[in-house]
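**Q** Structure supplied as data16.txt; contents: compact mmCIF, C-alpha atoms.
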# COMPACT_ATOMS: atom_id res chain seq x y z
CA MET A 1 -9.02 12.97 -52.64
CA SER A 2 -6.72 13.69 -55.57
CA GLY A 3 -7.17 16.63 -57.90
CA GLY A 4 -7.56 14.25 -60.82
CA TRP A 5 -10.47 12.44 -59.19
CA ARG A 6 -12.10 15.75 -58.22
CA ALA A 7 -11.92 16.85 -61.87
CA VAL A 8 -13.48 13.58 -62.98
CA ARG A 9 -16.20 13.99 -60.36
CA ARG A 10 -16.90 17.47 -61.68
CA ARG A 11 -17.29 16.20 -65.25
CA LEU A 12 -19.54 13.34 -64.19
CA LEU A 13 -21.83 15.36 -61.93
CA THR A 14 -22.05 18.81 -63.52
CA PRO A 15 -24.96 19.48 -65.91
CA SER A 16 -24.19 20.95 -69.31
CA HIS A 17 -24.30 24.72 -69.82
CA ASN A 18 -26.42 24.03 -72.87
CA GLU A 19 -29.27 23.15 -70.51
CA THR A 20 -29.56 26.81 -69.51
CA LYS A 21 -29.90 28.20 -73.03
CA LEU A 22 -33.28 29.80 -73.71
CA SER A 23 -33.41 28.05 -77.06
CA THR A 24 -32.81 24.69 -75.39
CA ARG A 25 -35.50 25.30 -72.81
CA GLY A 26 -37.96 26.84 -75.27
CA PHE A 27 -38.45 29.92 -73.08
CA HIS A 28 -39.78 33.26 -74.29
CA LEU A 29 -37.18 35.56 -75.86
CA LYS A 30 -37.89 39.21 -75.06
CA ASP A 31 -34.68 40.61 -76.47
CA GLU A 32 -30.96 39.89 -76.62
CA ALA A 33 -30.19 41.71 -73.38
CA ALA A 34 -32.70 39.54 -71.50
CA ARG A 35 -31.33 36.40 -73.14
CA THR A 36 -27.76 37.26 -72.19
CA ASN A 37 -28.73 38.05 -68.60
CA LEU A 38 -30.75 34.88 -68.05
CA GLU A 39 -28.21 32.63 -69.71
CA THR A 40 -25.42 34.21 -67.66
CA VAL A 41 -27.47 33.52 -64.53
CA GLY A 42 -27.76 29.89 -65.54
CA GLY A 43 -24.11 29.62 -66.48
CA SER A 44 -23.01 31.19 -63.19
CA PHE A 45 -25.16 28.73 -61.27
CA LEU A 46 -23.50 25.81 -63.05
CA ASP A 47 -20.06 27.34 -62.54
CA GLY A 48 -20.74 27.50 -58.81
CA TYR A 49 -21.98 23.93 -58.83
CA ALA A 50 -18.83 22.74 -60.59
CA ILE A 51 -16.58 24.69 -58.25
CA ALA A 52 -18.20 23.11 -55.18
CA VAL A 53 -18.03 19.61 -56.62
CA GLU A 54 -14.37 19.91 -57.59
CA ALA A 55 -12.93 22.06 -54.79
CA ARG A 56 -10.63 20.50 -52.23
CA ASP A 57 -12.43 22.31 -49.38
CA GLN A 58 -14.71 25.29 -48.79
CA ASP A 59 -11.77 27.70 -48.60
CA GLU A 60 -10.79 26.83 -52.16
CA ALA A 61 -14.43 26.98 -53.27
CA HIS A 62 -14.84 30.40 -51.66
CA ARG A 63 -11.75 31.83 -53.39
CA ARG A 64 -13.06 30.72 -56.77
CA LEU A 65 -16.66 31.77 -56.16
CA GLU A 66 -15.53 35.26 -55.21
CA LEU A 67 -14.06 35.73 -58.70
CA ILE A 68 -17.52 35.66 -60.28
CA PRO A 69 -18.97 39.14 -61.01
CA VAL A 70 -21.12 40.61 -58.24
CA ARG A 71 -24.33 40.60 -60.26
CA TYR A 72 -24.13 36.83 -60.77
CA ARG A 73 -22.13 35.67 -57.75
CA GLY A 74 -25.21 34.85 -55.69
CA PHE A 75 -26.33 32.37 -58.33
CA ALA A 76 -22.91 30.72 -58.15
CA TYR A 77 -23.37 30.28 -54.39
CA GLU A 78 -26.79 28.80 -55.09
CA GLY A 79 -25.14 26.35 -57.48
CA ALA A 80 -22.53 25.58 -54.86
CA GLY A 81 -25.33 24.74 -52.45
CA MET A 82 -26.70 22.26 -54.95
CA GLY A 83 -23.28 20.76 -55.60
CA LEU A 84 -22.51 20.24 -51.93
CA ALA A 85 -25.98 18.79 -51.32
CA MET A 86 -25.47 16.36 -54.20
CA LEU A 87 -22.22 15.19 -52.61
CA ASP A 88 -23.99 14.82 -49.25
CA GLY A 89 -26.84 12.91 -50.86
CA LEU A 90 -24.81 10.51 -52.97
CA PRO A 91 -23.08 7.43 -51.53
CA LEU A 92 -19.70 9.17 -51.43
CA PRO A 93 -17.21 9.48 -48.56
CA GLY A 94 -18.02 12.24 -46.07
CA ASN A 95 -21.17 14.22 -45.33
CA GLY A 96 -22.32 17.43 -43.69
CA ARG A 97 -20.79 19.57 -46.44
CA VAL A 98 -23.79 21.92 -46.69
CA ALA A 99 -23.96 22.43 -42.93
CA GLU A 100 -20.23 23.14 -42.82
CA PHE A 101 -20.54 25.63 -45.68
CA LEU A 102 -23.46 27.42 -44.00
CA ALA A 103 -21.39 27.68 -40.84
CA GLY A 104 -18.49 29.12 -42.84
CA HIS A 105 -18.13 30.95 -46.14
CA GLY A 106 -21.71 30.23 -47.18
CA ALA A 107 -23.24 32.01 -44.17
CA PRO A 108 -23.72 35.41 -45.89
CA HIS A 109 -25.42 33.55 -48.75
CA ASP A 110 -27.72 31.39 -46.62
CA TYR A 111 -30.83 32.21 -48.67
CA MET A 112 -29.18 31.08 -51.89
CA VAL A 113 -27.47 28.00 -50.43
CA HIS A 114 -30.78 26.74 -49.03
CA VAL A 115 -32.42 27.21 -52.42
CA GLY A 116 -29.58 25.27 -54.02
CA VAL A 117 -30.30 22.32 -51.73
CA GLY A 118 -33.75 22.14 -53.32
CA TRP A 119 -32.19 21.67 -56.75
CA ALA A 120 -30.33 18.66 -55.39
CA MET A 121 -33.59 17.25 -54.02
CA ALA A 122 -35.00 17.25 -57.53
CA ARG A 123 -32.03 15.20 -58.76
CA LEU A 124 -31.74 12.74 -55.86
CA PRO A 125 -34.07 9.86 -54.95
CA ARG A 126 -36.47 10.71 -52.13
CA PHE A 127 -34.97 8.19 -49.75
CA ARG A 128 -31.81 10.33 -49.75
CA TRP A 129 -33.59 13.59 -48.88
CA ALA A 130 -33.21 13.05 -45.14
CA SER A 131 -29.44 13.25 -45.58
CA ILE A 132 -29.61 16.76 -47.09
CA ALA A 133 -32.69 18.37 -45.46
CA PRO A 134 -31.52 21.70 -43.95
CA ALA A 135 -31.64 21.99 -40.17
CA ASP A 136 -32.66 25.67 -39.97
CA PRO A 137 -36.36 25.62 -38.96
CA LEU A 138 -37.07 28.90 -40.77
CA LEU A 139 -34.95 28.87 -43.91
CA ARG A 140 -35.35 25.16 -44.66
CA TRP A 141 -38.53 26.06 -46.57
CA LEU A 142 -36.32 27.77 -49.15
CA ALA A 143 -35.15 24.32 -50.23
CA LEU A 144 -38.71 23.64 -51.39
CA ASP A 145 -38.60 26.94 -53.27
CA GLY A 146 -35.50 25.62 -55.04
CA TYR A 147 -37.22 22.31 -55.75
CA GLY A 148 -40.19 24.10 -57.29
CA PHE A 149 -37.94 26.28 -59.43
CA HIS A 150 -36.09 23.24 -60.74
CA GLN A 151 -39.28 21.39 -61.64
CA ALA A 152 -40.78 24.35 -63.47
CA TYR A 153 -37.49 25.14 -65.23
CA PHE A 154 -36.75 21.60 -66.41
CA ARG A 155 -40.23 20.04 -66.48
CA THR A 156 -42.00 23.06 -67.90
CA ALA A 157 -44.66 21.16 -69.83
CA ARG A 158 -45.94 19.50 -66.67
CA TYR A 159 -45.41 22.15 -64.00
CA VAL A 160 -46.11 25.30 -66.00
CA HIS A 161 -48.26 24.49 -69.00
CA GLY A 162 -49.92 21.52 -67.30
CA HIS A 163 -50.14 23.35 -63.93
CA HIS A 164 -49.14 20.26 -61.98
CA ARG A 165 -49.55 20.73 -58.25
CA GLU A 166 -47.62 18.99 -55.50
CA THR A 167 -49.89 17.61 -52.79
CA ALA A 168 -49.16 15.70 -49.57
CA PHE A 169 -45.48 16.53 -50.00
CA PRO A 170 -43.32 15.24 -47.10
CA TRP A 171 -41.20 17.86 -45.36
CA PRO A 172 -39.88 18.41 -41.81
CA GLY A 173 -42.13 20.78 -39.87
CA ASP A 174 -45.11 20.10 -42.12
CA GLU A 175 -46.56 17.02 -40.49
CA THR A 176 -50.04 17.82 -41.87
CA ARG A 177 -48.52 18.17 -45.37
CA ARG A 178 -50.63 21.27 -45.98
CA TYR A 179 -47.94 23.89 -46.50
CA ALA A 180 -45.12 22.36 -48.52
CA GLY A 181 -46.98 22.87 -51.79
CA HIS A 182 -47.14 26.61 -51.11
CA ALA A 183 -43.36 26.85 -50.73
CA ILE A 184 -42.94 24.84 -53.94
CA ASP A 185 -45.29 27.23 -55.75
CA GLN A 186 -43.11 30.14 -54.65
CA GLY A 187 -40.23 28.48 -56.51
CA ILE A 188 -42.42 27.86 -59.53
CA GLY A 189 -43.32 31.54 -59.56
CA ARG A 190 -39.63 32.43 -59.47
CA ALA A 191 -39.04 30.19 -62.48
CA LEU A 192 -41.85 31.93 -64.38
CA TRP A 193 -39.66 35.05 -64.53
CA PHE A 194 -37.13 32.99 -66.51
CA ILE A 195 -39.67 31.07 -68.57
CA GLY A 196 -41.37 34.32 -69.51
CA GLY A 197 -38.02 35.83 -70.48
CA THR A 198 -38.38 38.73 -67.96
CA ASP A 199 -41.30 40.03 -70.03
CA PRO A 200 -43.89 41.18 -67.44
CA ALA A 201 -46.88 40.64 -69.71
CA VAL A 202 -45.83 37.09 -70.57
CA VAL A 203 -44.99 36.29 -66.96
CA ALA A 204 -48.32 37.65 -65.71
CA ASP A 205 -50.19 35.63 -68.34
CA LEU A 206 -48.40 32.50 -67.12
CA VAL A 207 -49.44 33.22 -63.53
CA ASP A 208 -53.02 33.84 -64.63
CA GLY A 209 -53.16 30.34 -66.09
CA TYR A 210 -52.94 28.76 -62.64
CA GLN A 211 -55.79 28.24 -60.19
CA ASP A 212 -56.59 31.40 -58.24
CA ASP A 213 -55.58 29.93 -54.88
CA ARG A 214 -52.01 29.54 -56.15
CA HIS A 215 -51.55 33.12 -57.33
CA ALA A 216 -50.32 34.58 -54.02
CA ASP A 217 -47.38 32.19 -53.82
CA LEU A 218 -46.60 32.46 -57.52
CA TRP A 219 -46.52 36.26 -57.40
CA ALA A 220 -44.17 36.15 -54.41
CA GLY A 221 -41.78 34.05 -56.45
CA VAL A 222 -42.06 36.40 -59.41
CA GLY A 223 -41.21 39.35 -57.16
CA LEU A 224 -38.13 37.62 -55.80
CA ALA A 225 -36.80 36.80 -59.27
CA ALA A 226 -37.65 40.20 -60.74
CA CYS A 227 -35.56 41.84 -58.03
CA TYR A 228 -32.70 39.36 -57.68
CA ALA A 229 -32.23 38.21 -61.30
CA ALA A 230 -33.37 41.55 -62.74
CA GLY A 231 -33.88 42.00 -66.47
CA ALA A 232 -36.74 44.53 -66.52
CA THR A 233 -36.86 48.30 -66.91
CA ASP A 234 -38.65 50.53 -64.42
CA ALA A 235 -41.55 50.80 -66.85
CA GLU A 236 -41.74 47.01 -67.13
CA LEU A 237 -41.61 46.65 -63.35
CA ARG A 238 -44.50 49.10 -63.03
CA LEU A 239 -46.46 46.98 -65.50
CA LEU A 240 -45.64 43.92 -63.41
CA LEU A 241 -46.92 45.73 -60.33
CA GLU A 242 -50.12 46.62 -62.16
CA ARG A 243 -50.68 43.07 -63.38
CA ALA A 244 -50.17 41.68 -59.86
CA GLY A 245 -53.29 43.54 -58.77
CA ALA A 246 -54.52 42.23 -55.43
CA TYR A 247 -51.27 40.26 -55.06
CA ARG A 248 -49.02 43.31 -54.87
CA PRO A 249 -48.23 42.58 -51.20
CA GLN A 250 -46.91 39.12 -52.13
CA LEU A 251 -44.95 40.54 -55.07
CA ALA A 252 -43.40 43.05 -52.69
CA GLN A 253 -42.60 40.39 -50.10
CA GLY A 254 -40.68 38.37 -52.68
CA ALA A 255 -38.76 41.46 -53.75
CA ALA A 256 -37.95 42.23 -50.10
CA PHE A 257 -36.51 38.73 -49.68
CA ALA A 258 -34.35 39.30 -52.76
CA ALA A 259 -33.14 42.68 -51.55
CA THR A 260 -32.26 41.19 -48.17
CA ALA A 261 -30.34 38.34 -49.77
CA ARG A 262 -28.31 40.80 -51.84
CA VAL A 263 -27.62 43.28 -49.04
CA GLU A 264 -26.65 40.67 -46.45
CA SER A 265 -24.25 38.98 -48.89
CA GLY A 266 -22.69 42.27 -50.00
CA LEU A 267 -23.93 41.75 -53.57
CA LEU A 268 -26.30 44.71 -53.97
CA THR A 269 -26.69 45.95 -57.54
CA GLU A 270 -28.33 48.96 -59.16
CA HIS A 271 -30.89 46.60 -60.70
CA ALA A 272 -31.93 45.31 -57.28
CA GLU A 273 -32.13 48.85 -55.91
CA ALA A 274 -34.42 49.90 -58.75
CA ALA A 275 -36.64 46.84 -58.43
CA THR A 276 -36.97 47.27 -54.66
CA ALA A 277 -38.00 50.89 -55.15
CA VAL A 278 -40.71 50.04 -57.69
CA LEU A 279 -42.05 46.79 -56.20
CA CYS A 280 -41.74 47.66 -52.49
CA GLY A 281 -41.57 51.43 -52.43
CA LEU A 282 -38.46 51.03 -50.27
CA THR A 283 -34.70 51.16 -50.45
CA PRO A 284 -32.98 47.78 -50.15
CA GLN A 285 -31.80 48.75 -46.67
CA GLN A 286 -35.37 49.48 -45.61
CA ALA A 287 -36.46 46.14 -47.04
CA VAL A 288 -33.80 44.44 -44.92
CA GLN A 289 -35.12 46.28 -41.88
CA VAL A 290 -38.65 45.03 -42.57
CA CYS A 291 -37.50 41.42 -43.01
CA THR A 292 -35.30 41.55 -39.92
CA GLU A 293 -37.93 43.08 -37.64
CA ALA A 294 -40.61 40.65 -38.83
CA ARG A 295 -38.37 37.61 -38.43
CA PRO A 296 -39.75 35.31 -35.71
CA ARG A 297 -37.54 34.76 -32.67
CA PRO A 298 -37.78 32.07 -31.51
CA VAL A 299 -39.01 30.11 -34.52
CA LEU A 300 -42.24 28.45 -33.41
CA ASP A 301 -44.49 26.78 -35.96
CA GLY A 302 -48.23 27.11 -35.47
CA ALA A 303 -50.80 24.36 -35.79
CA GLU A 304 -51.92 25.64 -39.19
CA LEU A 305 -49.01 27.69 -40.50
CA PRO A 306 -45.24 27.33 -40.10
CA ALA A 307 -43.30 30.29 -38.74
CA TYR A 308 -41.89 30.81 -42.24
CA GLU A 309 -45.32 31.66 -43.64
CA THR A 310 -46.15 33.86 -40.66
CA TRP A 311 -42.90 35.71 -41.37
CA ARG A 312 -43.72 36.18 -45.04
CA ARG A 313 -47.17 37.53 -44.24
CA ALA A 314 -45.79 39.93 -41.65
CA ILE A 315 -43.31 41.28 -44.20
CA ALA A 316 -46.05 41.86 -46.76
CA GLU A 317 -48.23 43.59 -44.17
CA ARG A 318 -45.44 45.88 -43.01
CA ILE A 319 -44.60 46.92 -46.56
CA VAL A 320 -48.22 47.62 -47.44
CA SER A 321 -48.68 49.65 -44.26
CA GLY A 322 -45.62 51.73 -45.09
CA ALA A 323 -44.20 51.13 -41.62
CA ALA A 324 -40.55 51.00 -42.72
CA GLY A 325 -40.67 54.16 -44.80
CA ALA A 326 -42.34 56.04 -41.98
CA ARG A 327 -39.46 55.32 -39.60
CA THR A 328 -36.54 56.15 -41.89
Can you dump the structure from the file as structure tokens?
**A**
Amino acid sequence: MSGGWRAVRRRLLTPSHNETKLSTRGFHLKDEAARTNLETVGGSFLDGYAIAVEARDQDEAHRRLELIPVRYRGFAYEGAGMGLAMLDGLPLPGNGRVAEFLAGHGAPHDYMVHVGVGWAMARLPRFRWASIAPADPLLRWLALDGYGFHQAYFRTARYVHGHHRETAFPWPGDETRRYAGHAIDQGIGRALWFIGGTDPAVVADLVDGYQDDRHADLWAGVGLAACYAAGATDAELRLLLERAGAYRPQLAQGAAFAATARVESGLLTEHAEAATAVLCGLTPQQAVQVCTEARPRPVLDGAELPAYETWRRAIAERIVSGAAGART
């Protein structure tokens, strides 16, 4: 494929950066620092998307993605995951781009790439989902997290203010269709951190507006975003912890996922270290230890719960029990 056609493809497929502006989205503005951070996150995501869509191969994409600052590089890999999934899902020559990326340069960023696939799901017709559904039986649920984030971020009136709930959602490994909505809610919770402008009081109020049985998943998503995307001071994170109340274990689990994603990809930041300390009471390295030790091997889904949910619950339990801190 010629460079000229790849550039055209990029222009045709890449969303506008204006879509990530807080003013465009109507999201809460806490202060200028929060606005700059969140808009840079969005811009980095779209940069990664454009790079993946235009690049000749994953080697070229990797070289360009690695030029993005550490704090925001993970979001660029997430965008690349979406871009590659869009190419796999559209009637274009070739397929298997996401799988190839996850087997190559995308491997250290597997959390983020899987989430990016979920963004593509939200933009592709459902009959094309089978062509992009991730094969990993554990991490494939992160695609639904990405789908939920996208819907809350771009369809805020319905999914956030209207509290729309996905039911009977088709997904591999969820034949009873009882769990997919929980994974989607985790993505919605992650989006609430952006919609609330990283203001813990606003974010907590948004969570409180949902039905009680959704709060655990929403708080997990909030914890992941608060740690990975950052944007809050230690005092604000302590307020977030206080507002989570009985859902502190889920908040901590989400933060542990975020810390693991940053450590394993070599993108650890001071912001993530601080958030992991406040929300988990751990160092990022200890959080990785918890997630690694709790990870099911082999991955065997139960009759009621997939292995992914069993994993998440085990992480929350280990953090609450203080098991990791006691060993290190």
**Q** Name the closest residue to A:Asp31 among the candidates A:Asp301, A:Gly197, A:Leu218, A:Leu240; distances are taken between atoms, counting all atoms listed in the file.
**A**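 For A:Asp31, the nearest of the given residues is A:Gly197.
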**Q** Between A:Val160, A:Ala256, A:Ala135, A:Ala232, which one has atoms that come closest to A:Gln211, using only C-alpha atoms?
**A**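 Of all the options, A:Val160 lies closest to A:Gln211.
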**Q** Please tabulate, as a tab-separated table, the residues of stretch 118-204 of chain A that come within 10 Å of stretch 282-300 of chain A, each with its closest pair of atoms and the distance in Å to one decimal, counting all atoms listed in the file and ordering rows by chain, then residue number upward.
**A**
residue	atom	partner	partner_atom	distance
A:Asp136	CA	A:Val299	CA	9.5
A:Pro137	CA	A:Val299	CA	6.8
A:Leu138	CA	A:Val299	CA	6.7
**Q** For the atom pair atom CA of A:Arg35 and atom CA of A:Gly231, what is the interatomic distance in Å to one decimal place?
**A**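 Interatomic distance here is 9.1 Å.
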**Q** Within 12 Å of A:Pro172, counting all atoms listed in the file, which residues show up once you throw out same-chain ones fewer than 4 positions away? Write them as a list in words, please.
**A**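 Here the answer would be Trp129, Ala130, Ile132, Ala133, Pro134, Ala135, Asp136, Pro137, Leu138, Leu139, Arg140, Trp141, Ala143, Leu144, Thr176, Arg177, Arg178, Tyr179, Ala180, Asp301 and Pro306 of chain A.
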**Q** Using only C-alpha atoms, which residue out of A:Glu273, A:Ala252, A:Phe257, A:Ser131 lies closest to A:Ile319?
**A**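 Among A:Glu273, A:Ala252, A:Phe257, A:Ser131, it is A:Ala252 that comes nearest to A:Ile319.
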**Q** Please return as a PDB file with C-alpha atoms, in the coordinates of the input every residue within 9 Å of (-51.2, 25.0, -70.6), taking into account only C-alpha atoms and the file's own coordinates.
**A**
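File produced: out10.pdb:
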ATOM      1  CA  ALA A 157     -44.660  21.160 -69.830  1.00  0.00           C
ATOM      2  CA  ARG A 158     -45.940  19.500 -66.670  1.00  0.00           C
ATOM      3  CA  VAL A 160     -46.110  25.300 -66.000  1.00  0.00           C
ATOM      4  CA  HIS A 161     -48.260  24.490 -69.000  1.00  0.00           C
ATOM      5  CA  GLY A 162     -49.920  21.520 -67.300  1.00  0.00           C
ATOM      6  CA  HIS A 163     -50.140  23.350 -63.930  1.00  0.00           C
ATOM      7  CA  LEU A 206     -48.400  32.500 -67.120  1.00  0.00           C
ATOM      8  CA  GLY A 209     -53.160  30.340 -66.090  1.00  0.00           C
ATOM      9  CA  TYR A 210     -52.940  28.760 -62.640  1.00  0.00           C
TER      10      TYR A 210
END
**Q** Within 12 Å of (-34.5, 57.1, -64.7) (coordinates as in the file), grab all the protein and nucleic acid residues, counting only C-alpha atoms, and write them out as a list in words.
**A** Thr233, Asp234, Ala235, Glu270, His271, Ala274, Ala277 and Val278 of chain A
**Q** I'd like the neighbourhood of A:Gly43 as an mmCIF file with C-alpha atoms, in the coordinates of the input, where a residue qualifies if any of its atoms comes within 10 Å (using only C-alpha atoms), though same-chain residues fewer than 3 positions away should be ignored.
**A**
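Ended up saving to selection.cif:
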data_model
loop_
_atom_site.group_PDB
_atom_site.id
_atom_site.type_symbol
_atom_site.label_atom_id
_atom_site.label_comp_id
_atom_site.auth_asym_id
_atom_site.auth_seq_id
_atom_site.Cartn_x
_atom_site.Cartn_y
_atom_site.Cartn_z
ATOM 1 C CA SER A 16 -24.190 20.950 -69.310
ATOM 2 C CA HIS A 17 -24.300 24.720 -69.820
ATOM 3 C CA ASN A 18 -26.420 24.030 -72.870
ATOM 4 C CA GLU A 19 -29.270 23.150 -70.510
ATOM 5 C CA THR A 20 -29.560 26.810 -69.510
ATOM 6 C CA LYS A 21 -29.900 28.200 -73.030
ATOM 7 C CA ASN A 37 -28.730 38.050 -68.600
ATOM 8 C CA LEU A 38 -30.750 34.880 -68.050
ATOM 9 C CA GLU A 39 -28.210 32.630 -69.710
ATOM 10 C CA THR A 40 -25.420 34.210 -67.660
ATOM 11 C CA LEU A 46 -23.500 25.810 -63.050
ATOM 12 C CA ASP A 47 -20.060 27.340 -62.540
ATOM 13 C CA GLY A 48 -20.740 27.500 -58.810
ATOM 14 C CA TYR A 49 -21.980 23.930 -58.830
ATOM 15 C CA TYR A 72 -24.130 36.830 -60.770
ATOM 16 C CA PHE A 75 -26.330 32.370 -58.330
ATOM 17 C CA ALA A 76 -22.910 30.720 -58.150
ATOM 18 C CA GLY A 79 -25.140 26.350 -57.480
#
**Q** Can you pull out every residue within 6 Å of A:Ser265, counting only C-alpha atoms, but drop anything in the same chain fewer than 3 positions away, and send it as an MDAnalysis selection string?
**A** chainID A and resid 108:109 262
**Q** I need the residues from that last selection saved to file as a compact mmCIF listing (two decimals), in the frame of the given file (with C-alpha atoms), if you can.
**A**
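again04.txt, written as the output of this step:
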# COMPACT_ATOMS: atom_id res chain seq x y z
CA PRO A 108 -23.72 35.41 -45.89
CA HIS A 109 -25.42 33.55 -48.75
CA ARG A 262 -28.31 40.80 -51.84
**Q** Could you check which of A:Val320, A:Ala191, A:Val98, A:Leu67 is closest to A:Ala246, using only C-alpha atoms?
**A**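 The shortest atom-to-atom distance to A:Ala246 comes from A:Val320.
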**Q** What does the distance between atom CA of A:Arg214 and atom CA of A:Ala261 come to in Å, to one decimal place?
**A**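 Value for the atom CA of A:Arg214-atom CA of A:Ala261 distance: 24.2 Å.
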**Q** Can you rebuild stretch 257-264 of chain A with all heavy atoms and give it as a PDB file, in the coordinates of the input?
**A**
ATOM      1  N   PHE A 257     -37.403  39.861 -49.909  1.00  0.00           N
ATOM      2  CA  PHE A 257     -36.510  38.730 -49.680  1.00  0.00           C
ATOM      3  C   PHE A 257     -35.260  38.863 -50.552  1.00  0.00           C
ATOM      4  O   PHE A 257     -34.132  38.650 -50.095  1.00  0.00           O
ATOM      5  CB  PHE A 257     -37.225  37.424 -50.010  1.00  0.00           C
ATOM      6  CG  PHE A 257     -37.761  36.680 -48.818  1.00  0.00           C
ATOM      7  CD1 PHE A 257     -37.906  37.292 -47.581  1.00  0.00           C
ATOM      8  CD2 PHE A 257     -38.127  35.356 -48.929  1.00  0.00           C
ATOM      9  CE1 PHE A 257     -38.404  36.600 -46.479  1.00  0.00           C
ATOM     10  CE2 PHE A 257     -38.623  34.650 -47.843  1.00  0.00           C
ATOM     11  CZ  PHE A 257     -38.758  35.268 -46.616  1.00  0.00           C
ATOM     12  N   ALA A 258     -35.475  39.191 -51.831  1.00  0.00           N
ATOM     13  CA  ALA A 258     -34.350  39.300 -52.760  1.00  0.00           C
ATOM     14  C   ALA A 258     -33.409  40.418 -52.346  1.00  0.00           C
ATOM     15  O   ALA A 258     -32.176  40.255 -52.364  1.00  0.00           O
ATOM     16  CB  ALA A 258     -34.873  39.550 -54.171  1.00  0.00           C
ATOM     17  N   ALA A 259     -33.974  41.562 -51.978  1.00  0.00           N
ATOM     18  CA  ALA A 259     -33.140  42.680 -51.550  1.00  0.00           C
ATOM     19  C   ALA A 259     -32.326  42.312 -50.322  1.00  0.00           C
ATOM     20  O   ALA A 259     -31.137  42.642 -50.215  1.00  0.00           O
ATOM     21  CB  ALA A 259     -34.026  43.896 -51.254  1.00  0.00           C
ATOM     22  N   THR A 260     -32.953  41.600 -49.385  1.00  0.00           N
ATOM     23  CA  THR A 260     -32.260  41.190 -48.170  1.00  0.00           C
ATOM     24  C   THR A 260     -31.110  40.238 -48.492  1.00  0.00           C
ATOM     25  O   THR A 260     -30.003  40.356 -47.947  1.00  0.00           O
ATOM     26  CB  THR A 260     -33.240  40.519 -47.193  1.00  0.00           C
ATOM     27  OG1 THR A 260     -34.271  41.456 -46.855  1.00  0.00           O
ATOM     28  CG2 THR A 260     -32.536  40.066 -45.929  1.00  0.00           C
ATOM     29  N   ALA A 261     -31.376  39.287 -49.388  1.00  0.00           N
ATOM     30  CA  ALA A 261     -30.340  38.340 -49.770  1.00  0.00           C
ATOM     31  C   ALA A 261     -29.148  39.063 -50.398  1.00  0.00           C
ATOM     32  O   ALA A 261     -27.992  38.709 -50.146  1.00  0.00           O
ATOM     33  CB  ALA A 261     -30.900  37.305 -50.744  1.00  0.00           C
ATOM     34  N   ARG A 262     -29.412  40.082 -51.190  1.00  0.00           N
ATOM     35  CA  ARG A 262     -28.310  40.800 -51.840  1.00  0.00           C
ATOM     36  C   ARG A 262     -27.563  41.702 -50.853  1.00  0.00           C
ATOM     37  O   ARG A 262     -26.326  41.757 -50.869  1.00  0.00           O
ATOM     38  CB  ARG A 262     -28.839  41.610 -53.028  1.00  0.00           C
ATOM     39  CG  ARG A 262     -29.097  40.755 -54.263  1.00  0.00           C
ATOM     40  CD  ARG A 262     -28.960  41.561 -55.543  1.00  0.00           C
ATOM     41  NE  ARG A 262     -28.994  40.718 -56.741  1.00  0.00           N
ATOM     42  CZ  ARG A 262     -27.930  40.179 -57.293  1.00  0.00           C
ATOM     43  NH1 ARG A 262     -26.734  40.369 -56.764  1.00  0.00           N
ATOM     44  NH2 ARG A 262     -28.033  39.454 -58.393  1.00  0.00           N
ATOM     45  N   VAL A 263     -28.288  42.385 -49.996  1.00  0.00           N
ATOM     46  CA  VAL A 263     -27.620  43.280 -49.040  1.00  0.00           C
ATOM     47  C   VAL A 263     -26.780  42.485 -48.051  1.00  0.00           C
ATOM     48  O   VAL A 263     -25.612  42.816 -47.785  1.00  0.00           O
ATOM     49  CB  VAL A 263     -28.659  44.142 -48.297  1.00  0.00           C
ATOM     50  CG1 VAL A 263     -27.993  44.891 -47.141  1.00  0.00           C
ATOM     51  CG2 VAL A 263     -29.313  45.140 -49.252  1.00  0.00           C
ATOM     52  N   GLU A 264     -27.349  41.423 -47.480  1.00  0.00           N
ATOM     53  CA  GLU A 264     -26.650  40.670 -46.450  1.00  0.00           C
ATOM     54  C   GLU A 264     -25.422  39.932 -46.990  1.00  0.00           C
ATOM     55  O   GLU A 264     -24.498  39.632 -46.235  1.00  0.00           O
ATOM     56  CB  GLU A 264     -27.611  39.681 -45.791  1.00  0.00           C
ATOM     57  CG  GLU A 264     -28.673  40.377 -44.937  1.00  0.00           C
ATOM     58  CD  GLU A 264     -29.552  39.414 -44.173  1.00  0.00           C
ATOM     59  OE1 GLU A 264     -29.541  38.198 -44.498  1.00  0.00           O
ATOM     60  OE2 GLU A 264     -30.263  39.863 -43.260  1.00  0.00           O
TER      61      GLU A 264
END
